[in-house]
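Undergrad: So here's target18.tsv (TSV, C-alpha atoms).
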```tsv
chain	number	residue	atom	x	y	z
A	1	MET	CA	1.02	9.14	22.14
A	2	THR	CA	4.05	6.93	22.66
A	3	THR	CA	3.90	3.20	22.03
A	4	SER	CA	4.66	0.73	24.81
A	5	LEU	CA	7.50	-1.74	24.50
A	6	ASP	CA	5.07	-4.63	25.00
A	7	THR	CA	3.03	-3.43	22.01
A	8	VAL	CA	6.16	-3.13	19.89
A	9	ARG	CA	7.30	-6.64	20.82
A	10	GLU	CA	3.91	-8.11	19.90
A	11	ARG	CA	3.84	-6.30	16.55
A	12	LEU	CA	7.34	-7.51	15.75
A	13	ARG	CA	6.39	-11.11	16.56
A	14	ARG	CA	3.22	-10.93	14.50
A	15	PHE	CA	5.05	-9.36	11.57
A	16	ALA	CA	7.72	-12.06	11.65
A	17	GLU	CA	5.25	-14.92	11.89
A	18	TYR	CA	2.41	-13.78	9.64
A	19	GLU	CA	3.35	-10.91	7.37
A	20	ALA	CA	6.92	-11.62	6.32
A	21	ALA	CA	7.33	-15.36	6.92
A	22	GLU	CA	6.48	-16.48	3.40
A	23	SER	CA	7.72	-13.54	1.36
A	24	SER	CA	10.74	-12.04	3.12
A	25	PRO	CA	13.14	-14.41	4.92
A	26	LEU	CA	15.39	-11.48	5.84
A	27	TYR	CA	12.71	-9.31	7.43
A	28	SER	CA	11.04	-12.26	9.12
A	29	HIS	CA	14.37	-13.18	10.71
A	30	LEU	CA	15.21	-9.62	11.79
A	31	ALA	CA	11.75	-8.95	13.23
A	32	GLU	CA	11.73	-12.23	15.16
A	33	GLN	CA	15.09	-11.41	16.72
A	34	ALA	CA	14.11	-7.80	17.44
A	35	ALA	CA	11.00	-8.96	19.29
A	36	ASN	CA	13.29	-10.61	21.84
A	37	ASP	CA	15.83	-7.79	22.08
A	38	ASP	CA	14.61	-4.86	24.17
A	39	ASP	CA	17.47	-2.58	23.13
A	40	VAL	CA	16.49	-2.83	19.46
A	41	ALA	CA	12.72	-3.02	20.02
A	42	GLN	CA	12.92	0.12	22.14
A	43	LEU	CA	13.98	2.12	19.07
A	44	LEU	CA	10.51	1.65	17.57
A	45	THR	CA	8.84	3.30	20.55
A	46	ALA	CA	10.00	6.63	19.07
A	47	ALA	CA	7.01	6.35	16.73
A	48	ALA	CA	3.50	7.10	17.91
A	49	GLY	CA	0.47	4.81	17.93
A	50	ASN	CA	-0.29	3.01	14.68
A	51	ASP	CA	2.90	4.31	13.07
A	52	ALA	CA	5.07	2.11	15.32
A	53	HIS	CA	5.02	-0.76	12.84
A	54	PRO	CA	7.96	-3.15	12.30
A	55	THR	CA	8.30	-1.96	8.71
A	56	LEU	CA	9.24	1.49	10.01
A	57	LEU	CA	12.12	0.09	12.09
A	58	LEU	CA	13.32	-1.93	9.10
A	59	ALA	CA	12.91	0.99	6.69
A	60	ALA	CA	14.97	3.27	8.94
A	61	ALA	CA	17.78	0.70	9.06
A	62	HIS	CA	17.53	0.20	5.29
A	63	ARG	CA	17.79	3.96	4.69
A	64	LEU	CA	20.89	4.31	6.88
A	65	LEU	CA	22.46	1.28	5.25
A	66	GLN	CA	21.94	2.90	1.82
A	67	THR	CA	24.45	5.53	2.93
A	68	ASP	CA	27.01	2.92	4.06
A	69	PRO	CA	27.03	0.46	1.14
A	70	ILE	CA	30.28	-1.29	2.14
A	71	HIS	CA	29.05	-2.25	5.60
A	72	PRO	CA	29.21	-6.06	6.11
A	73	LEU	CA	25.45	-6.13	6.73
A	74	THR	CA	24.80	-5.24	3.08
A	75	ARG	CA	25.80	-8.78	2.05
A	76	TYR	CA	22.31	-9.81	3.29
A	77	TYR	CA	20.51	-6.96	1.49
A	78	PRO	CA	19.79	-7.82	-2.18
A	79	SER	CA	18.59	-4.23	-2.65
A	80	LEU	CA	22.20	-3.18	-2.03
A	81	GLY	CA	23.83	-5.96	-4.03
A	82	GLY	CA	23.93	-8.63	-1.32
A	83	LEU	CA	23.63	-12.28	-2.28
A	84	ASP	CA	23.54	-14.09	1.07
A	85	GLY	CA	20.48	-15.36	2.89
A	86	PRO	CA	20.08	-14.90	6.65
A	87	ASP	CA	22.58	-16.85	8.75
A	88	ASP	CA	24.02	-16.71	12.25
A	89	ARG	CA	25.87	-13.47	11.54
A	90	THR	CA	22.91	-11.49	10.18
A	91	TRP	CA	21.31	-10.53	13.47
A	92	PRO	CA	24.53	-9.59	15.32
A	93	LEU	CA	25.50	-7.32	12.41
A	94	PHE	CA	22.06	-5.75	12.24
A	95	ARG	CA	21.87	-5.26	15.99
A	96	GLN	CA	25.27	-3.60	16.16
A	97	PHE	CA	24.48	-1.39	13.16
A	98	VAL	CA	21.18	-0.01	14.49
A	99	LEU	CA	22.51	0.51	18.01
A	100	ASP	CA	25.62	2.25	16.67
A	101	HIS	CA	23.21	4.55	14.79
A	102	ALA	CA	20.59	4.73	17.54
A	103	SER	CA	20.16	8.51	17.42
A	104	GLU	CA	19.70	8.53	13.64
A	105	MET	CA	17.34	5.56	13.91
A	106	ARG	CA	15.18	7.37	16.48
A	107	GLU	CA	15.15	10.51	14.36
A	108	LEU	CA	13.91	8.64	11.29
A	109	ILE	CA	11.42	6.55	13.26
A	110	GLY	CA	10.07	9.60	15.07
A	111	THR	CA	9.69	11.83	12.00
A	112	ARG	CA	9.06	9.49	9.06
A	113	PHE	CA	6.19	7.19	8.17
A	114	THR	CA	6.08	3.88	6.36
A	115	GLN	CA	5.06	5.05	2.90
A	116	THR	CA	5.54	2.14	0.58
A	117	ASN	CA	4.10	2.97	-2.83
A	118	GLU	CA	3.50	-0.64	-3.85
A	119	VAL	CA	2.93	-0.26	-7.58
A	120	ARG	CA	1.77	-3.87	-8.05
A	121	ARG	CA	-1.37	-3.12	-6.03
A	122	ALA	CA	-2.62	-1.32	-9.14
A	123	ALA	CA	-3.19	-4.73	-10.73
A	124	VAL	CA	-5.76	-5.48	-8.02
A	125	LEU	CA	-7.36	-2.04	-7.95
A	126	TYR	CA	-7.56	-1.58	-11.72
A	127	PRO	CA	-10.34	-4.10	-12.50
A	128	ALA	CA	-12.64	-2.38	-9.98
A	129	VAL	CA	-11.78	1.14	-11.15
A	130	ALA	CA	-11.93	0.25	-14.86
A	131	SER	CA	-15.28	-1.51	-14.43
A	132	LEU	CA	-16.69	1.60	-12.78
A	133	ALA	CA	-15.37	3.80	-15.58
A	134	LYS	CA	-16.86	1.45	-18.18
A	135	ARG	CA	-20.25	1.62	-16.49
A	136	LEU	CA	-20.09	5.42	-16.20
A	137	ARG	CA	-19.20	5.76	-19.93
A	138	GLY	CA	-17.02	8.79	-19.58
A	139	PRO	CA	-14.04	10.36	-17.88
A	140	ILE	CA	-13.55	9.97	-14.15
A	141	GLY	CA	-11.56	11.68	-11.44
A	142	LEU	CA	-9.29	9.74	-9.10
A	143	LEU	CA	-8.54	10.62	-5.48
A	144	GLU	CA	-6.13	8.40	-3.58
A	145	VAL	CA	-6.20	8.74	0.20
A	146	GLY	CA	-2.91	7.80	1.83
A	147	CYS	CA	-1.20	8.31	-1.50
A	148	SER	CA	2.47	8.63	-0.47
A	149	ALA	CA	3.98	9.72	-3.82
A	150	GLY	CA	0.75	8.99	-5.70
A	151	LEU	CA	2.25	6.44	-8.08
A	152	LEU	CA	-0.97	4.39	-8.13
A	153	LEU	CA	-2.78	7.43	-9.55
A	154	GLY	CA	-1.16	6.49	-12.85
A	155	MET	CA	-2.92	3.11	-12.93
A	156	ASP	CA	-4.73	3.99	-16.17
A	157	THR	CA	-1.36	4.34	-17.92
A	158	PHE	CA	-0.09	0.89	-16.86
A	159	SER	CA	-0.50	-2.32	-18.84
A	160	TYR	CA	-1.77	-5.46	-17.11
A	161	ARG	CA	-1.42	-9.16	-17.71
A	162	TYR	CA	-3.54	-11.50	-15.57
A	163	LEU	CA	-2.32	-15.10	-15.60
A	164	LEU	CA	-4.89	-17.82	-14.94
A	165	ASP	CA	-4.31	-21.43	-14.00
A	166	GLY	CA	-3.86	-23.42	-17.17
A	167	GLY	CA	-1.97	-20.69	-19.01
A	168	GLU	CA	-4.78	-18.42	-20.16
A	169	GLN	CA	-3.93	-14.72	-20.05
A	170	ILE	CA	-6.10	-11.62	-19.84
A	171	THR	CA	-4.61	-8.30	-20.86
A	172	ALA	CA	-5.83	-4.81	-20.07
A	173	GLY	CA	-4.66	-1.23	-20.23
A	174	PRO	CA	-2.66	0.39	-23.04
A	175	ALA	CA	-0.65	-2.02	-25.18
A	176	ARG	CA	2.50	0.05	-24.85
A	177	ALA	CA	3.25	1.29	-21.36
A	178	ALA	CA	6.33	2.11	-19.33
A	179	VAL	CA	4.93	0.13	-16.42
A	180	GLY	CA	3.74	-3.41	-17.05
A	181	LEU	CA	2.24	-5.49	-14.25
A	182	HIS	CA	1.64	-9.23	-13.95
A	183	CYS	CA	-0.83	-10.75	-11.51
A	184	ALA	CA	-1.68	-14.41	-10.97
A	185	LEU	CA	-5.46	-14.71	-11.12
A	186	ALA	CA	-7.73	-17.39	-9.69
A	187	LEU	CA	-11.51	-17.42	-9.95
A	188	GLY	CA	-13.74	-18.21	-7.00
A	189	PRO	CA	-16.85	-20.41	-7.36
A	190	GLU	CA	-19.20	-18.87	-9.96
A	191	ALA	CA	-16.95	-15.80	-10.18
A	192	VAL	CA	-16.65	-13.97	-13.50
A	193	PHE	CA	-13.71	-11.68	-14.12
A	194	PRO	CA	-14.95	-8.46	-15.78
A	195	THR	CA	-14.19	-7.57	-19.37
A	196	LEU	CA	-11.89	-4.60	-18.98
A	197	PRO	CA	-11.62	-1.66	-21.38
A	198	ARG	CA	-8.32	-1.03	-23.12
A	199	LYS	CA	-8.52	2.62	-22.11
A	200	VAL	CA	-9.82	4.45	-19.04
A	201	THR	CA	-10.04	8.23	-19.31
A	202	VAL	CA	-8.86	9.88	-16.11
A	203	SER	CA	-9.34	13.65	-16.32
A	204	ALA	CA	-8.13	14.51	-12.81
A	205	ARG	CA	-5.81	12.75	-10.39
A	206	VAL	CA	-5.36	13.96	-6.83
A	207	GLY	CA	-3.59	12.39	-3.87
A	208	LEU	CA	-4.14	13.13	-0.18
A	209	ASP	CA	-1.49	12.26	2.39
A	210	ARG	CA	-0.38	13.68	5.71
A	211	SER	CA	3.14	13.91	4.27
A	212	PRO	CA	3.12	13.60	0.46
A	213	VAL	CA	6.32	12.38	-1.16
A	214	ASP	CA	7.83	14.09	-4.19
A	215	ALA	CA	9.11	11.14	-6.20
A	216	SER	CA	11.11	13.49	-8.45
A	217	ASP	CA	13.27	14.36	-5.42
A	218	GLU	CA	16.06	11.80	-5.11
A	219	GLU	CA	16.20	12.05	-1.32
A	220	GLU	CA	12.45	11.46	-1.03
A	221	LEU	CA	12.60	8.64	-3.56
A	222	ALA	CA	15.40	7.05	-1.52
A	223	TRP	CA	13.06	6.94	1.48
A	224	LEU	CA	10.37	5.24	-0.60
A	225	GLU	CA	12.96	2.68	-1.70
A	226	ALA	CA	13.99	2.15	1.92
A	227	CYS	CA	10.37	1.34	2.77
A	228	VAL	CA	10.46	-1.56	0.29
A	229	TRP	CA	11.55	-4.85	1.85
A	230	ALA	CA	15.26	-5.18	1.16
A	231	ASP	CA	15.17	-8.76	-0.15
A	232	GLN	CA	12.62	-7.85	-2.83
A	233	PRO	CA	14.71	-5.72	-5.23
A	234	ASP	CA	12.27	-6.25	-8.10
A	235	ARG	CA	9.80	-4.05	-6.20
A	236	ILE	CA	12.39	-1.27	-6.02
A	237	ARG	CA	13.02	-1.46	-9.77
A	238	LEU	CA	9.29	-1.21	-10.41
A	239	LEU	CA	9.04	1.74	-8.01
A	240	ARG	CA	11.75	3.62	-9.92
A	241	THR	CA	10.10	2.85	-13.27
A	242	ALA	CA	6.74	4.15	-12.07
A	243	ALA	CA	8.35	7.25	-10.54
A	244	ALA	CA	10.07	8.05	-13.85
A	245	ALA	CA	6.79	7.56	-15.76
A	246	GLN	CA	4.93	9.80	-13.31
A	247	ARG	CA	7.12	12.77	-14.19
A	248	ARG	CA	5.40	12.92	-17.58
A	249	LYS	CA	1.94	13.16	-16.00
A	250	PRO	CA	2.29	14.20	-12.36
A	251	PRO	CA	-0.77	14.14	-10.08
A	252	GLU	CA	-1.71	16.93	-7.70
A	253	LEU	CA	-0.72	15.97	-4.16
A	254	VAL	CA	-2.42	17.55	-1.15
A	255	ALA	CA	-1.00	17.51	2.38
A	256	GLY	CA	-3.69	16.85	4.94
A	257	ASP	CA	-5.66	14.51	7.15
A	258	ALA	CA	-7.57	11.60	5.63
A	259	VAL	CA	-10.78	12.72	7.35
A	260	ASP	CA	-10.55	16.43	8.04
A	261	ASP	CA	-9.13	17.34	4.64
A	262	LEU	CA	-10.97	14.84	2.46
A	263	ALA	CA	-13.45	17.41	1.14
A	264	THR	CA	-10.66	19.89	0.39
A	265	ALA	CA	-8.78	17.31	-1.66
A	266	ALA	CA	-11.98	16.19	-3.43
A	267	ALA	CA	-12.65	19.80	-4.41
A	268	ARG	CA	-9.55	19.62	-6.62
A	269	VAL	CA	-11.49	17.20	-8.84
A	270	PRO	CA	-14.10	19.05	-10.97
A	271	GLU	CA	-17.61	18.35	-9.69
A	272	GLU	CA	-18.88	17.20	-13.07
A	273	LEU	CA	-16.52	14.22	-12.93
A	274	PRO	CA	-17.62	11.03	-11.15
A	275	LEU	CA	-15.18	10.74	-8.25
A	276	VAL	CA	-13.50	7.42	-7.50
A	277	VAL	CA	-11.78	7.53	-4.12
A	278	PHE	CA	-9.42	4.64	-3.54
A	279	THR	CA	-7.27	3.38	-0.69
A	280	SER	CA	-4.77	0.56	-0.49
A	281	TRP	CA	-3.57	-0.61	2.90
A	282	ALA	CA	-4.05	2.94	4.26
A	283	LEU	CA	-6.76	2.52	6.90
A	284	PRO	CA	-4.62	0.48	9.37
A	285	TYR	CA	-2.68	3.69	9.93
A	286	LEU	CA	-5.83	5.47	11.13
A	287	PRO	CA	-6.91	5.04	14.77
A	288	ALA	CA	-9.96	2.78	15.00
A	289	ALA	CA	-12.40	5.63	15.76
A	290	ARG	CA	-11.12	7.60	12.76
A	291	ARG	CA	-11.99	4.77	10.40
A	292	ASP	CA	-15.68	5.30	11.19
A	293	ASP	CA	-15.10	9.03	10.70
A	294	PHE	CA	-13.52	8.36	7.31
A	295	VAL	CA	-16.53	6.40	6.09
A	296	ALA	CA	-18.82	9.14	7.42
A	297	ALA	CA	-16.77	11.76	5.58
A	298	LEU	CA	-17.12	9.79	2.35
A	299	ALA	CA	-20.88	9.52	2.83
A	300	GLU	CA	-21.18	13.24	3.52
A	301	LEU	CA	-19.17	14.06	0.42
A	302	ALA	CA	-21.30	11.64	-1.60
A	303	SER	CA	-24.42	13.60	-0.61
A	304	ARG	CA	-23.07	16.45	-2.75
A	305	ARG	CA	-21.49	14.65	-5.72
A	306	ARG	CA	-21.27	11.23	-7.38
A	307	LEU	CA	-18.70	9.18	-5.50
A	308	TRP	CA	-17.47	5.61	-5.17
A	309	TRP	CA	-14.87	4.14	-2.83
A	310	VAL	CA	-12.59	1.34	-4.05
A	311	ALA	CA	-10.78	-0.24	-1.10
A	312	MET	CA	-7.92	-2.74	-1.10
A	313	GLU	CA	-7.65	-3.14	2.65
A	314	ASP	CA	-7.86	-5.56	5.54
A	315	TYR	CA	-11.59	-6.29	5.72
A	316	ALA	CA	-11.54	-5.83	9.51
A	317	VAL	CA	-10.41	-2.20	9.29
A	318	ALA	CA	-12.26	-1.07	6.16
A	319	LEU	CA	-15.19	-2.92	4.58
A	320	HIS	CA	-16.28	-4.15	7.99
A	321	HIS	CA	-17.61	-0.62	8.58
A	322	VAL	CA	-19.97	-0.82	5.59
A	323	LEU	CA	-20.45	-4.57	5.16
A	324	PRO	CA	-20.45	-6.21	8.60
A	325	GLY	CA	-20.66	-9.93	9.22
A	326	ARG	CA	-17.94	-11.12	6.85
A	327	ASP	CA	-15.18	-11.72	9.36
A	328	GLU	CA	-13.99	-14.74	7.39
A	329	LEU	CA	-12.47	-12.21	4.98
A	330	SER	CA	-10.23	-10.54	7.58
A	331	TYR	CA	-6.48	-10.44	7.11
A	332	ALA	CA	-6.08	-12.31	10.38
A	333	ALA	CA	-8.07	-15.21	8.89
A	334	THR	CA	-6.80	-15.14	5.31
A	335	GLY	CA	-3.49	-13.26	5.15
A	336	ARG	CA	-5.05	-11.30	2.29
A	337	ALA	CA	-6.42	-7.87	1.58
A	338	THR	CA	-10.04	-7.58	0.47
A	339	LEU	CA	-10.97	-5.57	-2.61
A	340	GLY	CA	-14.36	-3.93	-2.35
A	341	VAL	CA	-16.41	-1.26	-4.09
A	342	VAL	CA	-18.67	0.97	-2.03
A	343	SER	CA	-21.33	3.27	-3.47
A	344	PHE	CA	-23.25	6.01	-1.66
A	345	GLU	CA	-26.16	6.51	-4.03
A	346	GLY	CA	-29.45	7.94	-2.84
A	347	GLY	CA	-28.24	8.20	0.73
A	348	GLU	CA	-27.72	4.43	0.88
A	349	VAL	CA	-24.35	2.80	1.48
A	350	ASN	CA	-23.87	-0.33	-0.62
A	351	ALA	CA	-20.72	-2.46	-0.51
A	352	ARG	CA	-19.66	-5.31	-2.74
A	353	VAL	CA	-16.71	-7.65	-2.28
A	354	GLU	CA	-14.83	-8.09	-5.54
A	355	ALA	CA	-11.67	-10.05	-4.72
A	356	GLN	CA	-9.02	-11.00	-2.23
A	357	ALA	CA	-5.34	-10.50	-2.89
A	358	VAL	CA	-1.95	-10.82	-1.24
A	359	PRO	CA	-0.93	-7.47	0.23
A	360	HIS	CA	1.58	-6.55	-2.49
A	361	GLY	CA	-0.70	-7.52	-5.38
A	362	GLN	CA	1.14	-10.43	-6.99
A	363	ARG	CA	-1.82	-12.85	-6.67
A	364	MET	CA	-5.56	-12.31	-6.60
A	365	THR	CA	-8.69	-14.44	-6.32
A	366	TRP	CA	-11.68	-12.85	-8.04
A	367	LEU	CA	-14.92	-13.46	-6.13
A	368	ALA	CA	-17.58	-11.32	-7.80
A	369	ASN	CA	-19.88	-12.49	-10.59
```
Since I need it in another form, could you write the structure as structure tokens?

TA:
Amino acid sequence: MTTSLDTVRERLRRFAEYEAAESSPLYSHLAEQAANDDDVAQLLTAAAGNDAHPTLLLAAAHRLLQTDPIHPLTRYYPSLGGLDGPDDRTWPLFRQFVLDHASEMRELIGTRFTQTNEVRRAAVLYPAVASLAKRLRGPIGLLEVGCSAGLLLGMDTFSYRYLLDGGEQITAGPARAAVGLHCALALGPEAVFPTLPRKVTVSARVGLDRSPVDASDEEELAWLEACVWADQPDRIRLLRTAAAAQRRKPPELVAGDAVDDLATAAARVPEELPLVVFTSWALPYLPAARRDDFVAALAELASRRRLWWVAMEDYAVALHHVLPGRDELSYAATGRATLGVVSFEGGEVNARVEAQAVPHGQRMTWLAN
């Protein structure tokens, strides 16, 4: 199903105003201008439905610019060595570049997906996953739905440092790790951050994605880098570090649908292992009706084996389906993802809100006690 130009314009405006305004001056500027330029906005209509997101347009341009590193536009792209902030030349250069490469842009937009493997999200997911493992007192199996290259499946091998107001620090994970993550941590009223184990034993790690990415392939890794916002080069460095670490302990990646192939992917995790399914910012890419189907598929799978779902998602597209009535948590209201843990024990669905965090995981407010 093609996406209308009106829908694309609205998504570009919303992205510029709400998603990128505080964290990416470059992408906020480009999206705002694109929303008012039908020739550029039209390029994004090559993607279908929920895939026609502004980040896909920007990723396609970023990928093409990677192959033309002396183009004047690169001066505004820190990922490519640029040092300048957006000015009155940025948009004209961008516009000319993407229109000069319109056929390549449409090809990328029509065949690729936004597949950012945001490694820092592990700092938000880990407390929930580690607390589950601690309670279960044994090895667990991990299944990431919407895994891209599956870099988050290595979360147990990362080290974590949570920085509280006042200077206190909480550390978790192995003391020596190739990937070290920092996350600013605030505590909500009466909230208690869990005591995390130094080690979590993960005996199986499986990823499910409609188009898994092989991070050991330089061309595929280049696309993942292109999906990272170009004025946030530290995220690209972290992506490369995690990809290199993954080669020592690669997960099993399964190509398939989040709903139809969930059971097939879960079968790759031995049944004797408690299964922790996790998602991070994956459900917005499912049509609304399929989100209900996804929860139903989890419940059906949980009728046959022990299973928990850890979700770092917009409340409105994920936890809303199992914990209604908490609309104050939605991304539209807070600009934050909601971390929740859902169990399916005894045929009952129980959901618990653990935290809220900025989408890329740099800051988190812990809410559970």

Undergrad: Kindly provide the residues of region 222-329 of chain A that approach region 123-140 of chain A to within 8 Å, each paired with its closest atom pair and their distance in Å to one decimal, based on only C-alpha atoms, listed by chain and increasing number, as a tab-separated table.

TA:
```
residue	atom	partner	partner_atom	distance
A:Leu273	CA	A:Ile140	CA	5.3
A:Pro274	CA	A:Ile140	CA	5.2
A:Leu275	CA	A:Ile140	CA	6.2
A:Val276	CA	A:Ile140	CA	7.1
A:Val310	CA	A:Ala128	CA	7.0
A:Ala311	CA	A:Leu125	CA	7.9
A:Met312	CA	A:Leu125	CA	6.9
```

Undergrad: Taking all atoms listed in the file into account, name the residue in A:Gly154, A:Thr171, A:Trp91, A:Leu57 that is nearest to Thr195 (chain A).

TA: A:Thr171

Undergrad: Near region 328-343 of chain A, within 6 Å and counting all atoms listed in the file, which residues show up once chain neighbours fewer than 6 positions away are dropped, as a list in words?

TA: Trp308, Trp309, Val310, Ala311, Met312, Glu313, Asp314, Tyr315, Ala316, Val349, Asn350, Ala351, Arg352, Val353, Glu354, Ala355, Gln356, Ala357, Val358 and Pro359 of chain A

Undergrad: Pick the closest to Thr116 (chain A) from A:Arg235, A:Arg198, A:Arg291, A:Arg176: which is it, counting all atoms listed in the file?

TA: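 Between A:Arg235, A:Arg198, A:Arg291, A:Arg176, the residue approaching Thr116 (chain A) most closely is A:Arg235.
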
Undergrad: Given the point (7.6, 5.3, -20.3) in the file's coordinates, find the residues that have an atom at most 9 Å from it, counting all atoms listed in the file, and give them as a VMD selection string.

TA: chain A and resid 176 to 179 241 to 242 244 to 246 248

Undergrad: Need the shell around Arg95 (chain A): protein/DNA/RNA residues with any atom at most 12 Å away, counting only C-alpha atoms. Skip same-chain ones fewer than 3 positions apart. Format as a PyMOL selection string?

TA: chain A and resi 30-31+33-41+43+57-58+61+73+89-92+98-102+105

Undergrad: Quick one: which region 66-107 of chain A residues come within 10 Å of region 18-27 of chain A, and what is the nearest atom pair for each with the distance in Å to one decimal, counting all atoms listed in the file, rows ordered by chain and ascending number, as CSV?

TA:
```
residue,atom,partner,partner_atom,distance
A:Tyr76,CA,A:Leu26,CA,7.6
A:Tyr77,CA,A:Leu26,CA,8.1
A:Pro78,CA,A:Leu26,CA,9.9
A:Asp84,CA,A:Leu26,CA,9.8
A:Gly85,CA,A:Leu26,CA,7.0
A:Pro86,CA,A:Leu26,CA,5.9
A:Asp87,CA,A:Leu26,CA,9.4
A:Thr90,CA,A:Leu26,CA,8.7
A:Trp91,CA,A:Leu26,CA,9.7
```

Undergrad: Take CA of Ala48 (chain A) and CA of Thr3 (chain A) and report the distance between them in Å, one decimal.

TA: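 CA of Thr3 (chain A) lies at a distance of 5.7 Å from CA of Ala48 (chain A).
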
Undergrad: A:Pro197, A:Ala47, A:Gly141, A:Ser79: which is nearest Ala226 (chain A), counting all atoms listed in the file?

TA: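 Ranking A:Pro197, A:Ala47, A:Gly141, A:Ser79 by distance to Ala226 (chain A), first place goes to A:Ser79.
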
Undergrad: Between A:Gln66, A:Asn50, A:Gln96, A:Thr114, which one has atoms that come closest to Leu286 (chain A), using only C-alpha atoms?

TA: A:Asn50

Undergrad: In Å to one decimal, how far is CA of Arg306 (chain A) from CA of Glu348 (chain A)?

TA: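 Going from CA of Glu348 (chain A) over to CA of Arg306 (chain A) covers 12.5 Å.
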
Undergrad: Do a neighbour search on Gly256 (chain A) at 12 Å with only C-alpha atoms, toss out local chain neighbours closer than 2 positions, and write the hits as a count of residues only.

TA: 21

Undergrad: With a distance cut-off of 9 Å and only C-alpha atoms, select the neighbouring residues of Arg205 (chain A), excluding the residue or stretch itself and same-chain residues fewer than 4 positions from it, and output the selection as a ChimeraX atom specification.

TA: /A:141-144,150,153-154,250-253,268-269

Undergrad: For Glu17 (chain A), work out the shell of residues within 10 Å, counting all atoms listed in the file and skipping chain neighbours fewer than 5 positions away, then give it as a PyMOL selection string.

TA: chain A and resi 11-12+22+28-29+31-32

Undergrad: One number please: CA of His321 (chain A) to CA of Ala368 (chain A), in Å, one decimal.

TA: 19.6 Å
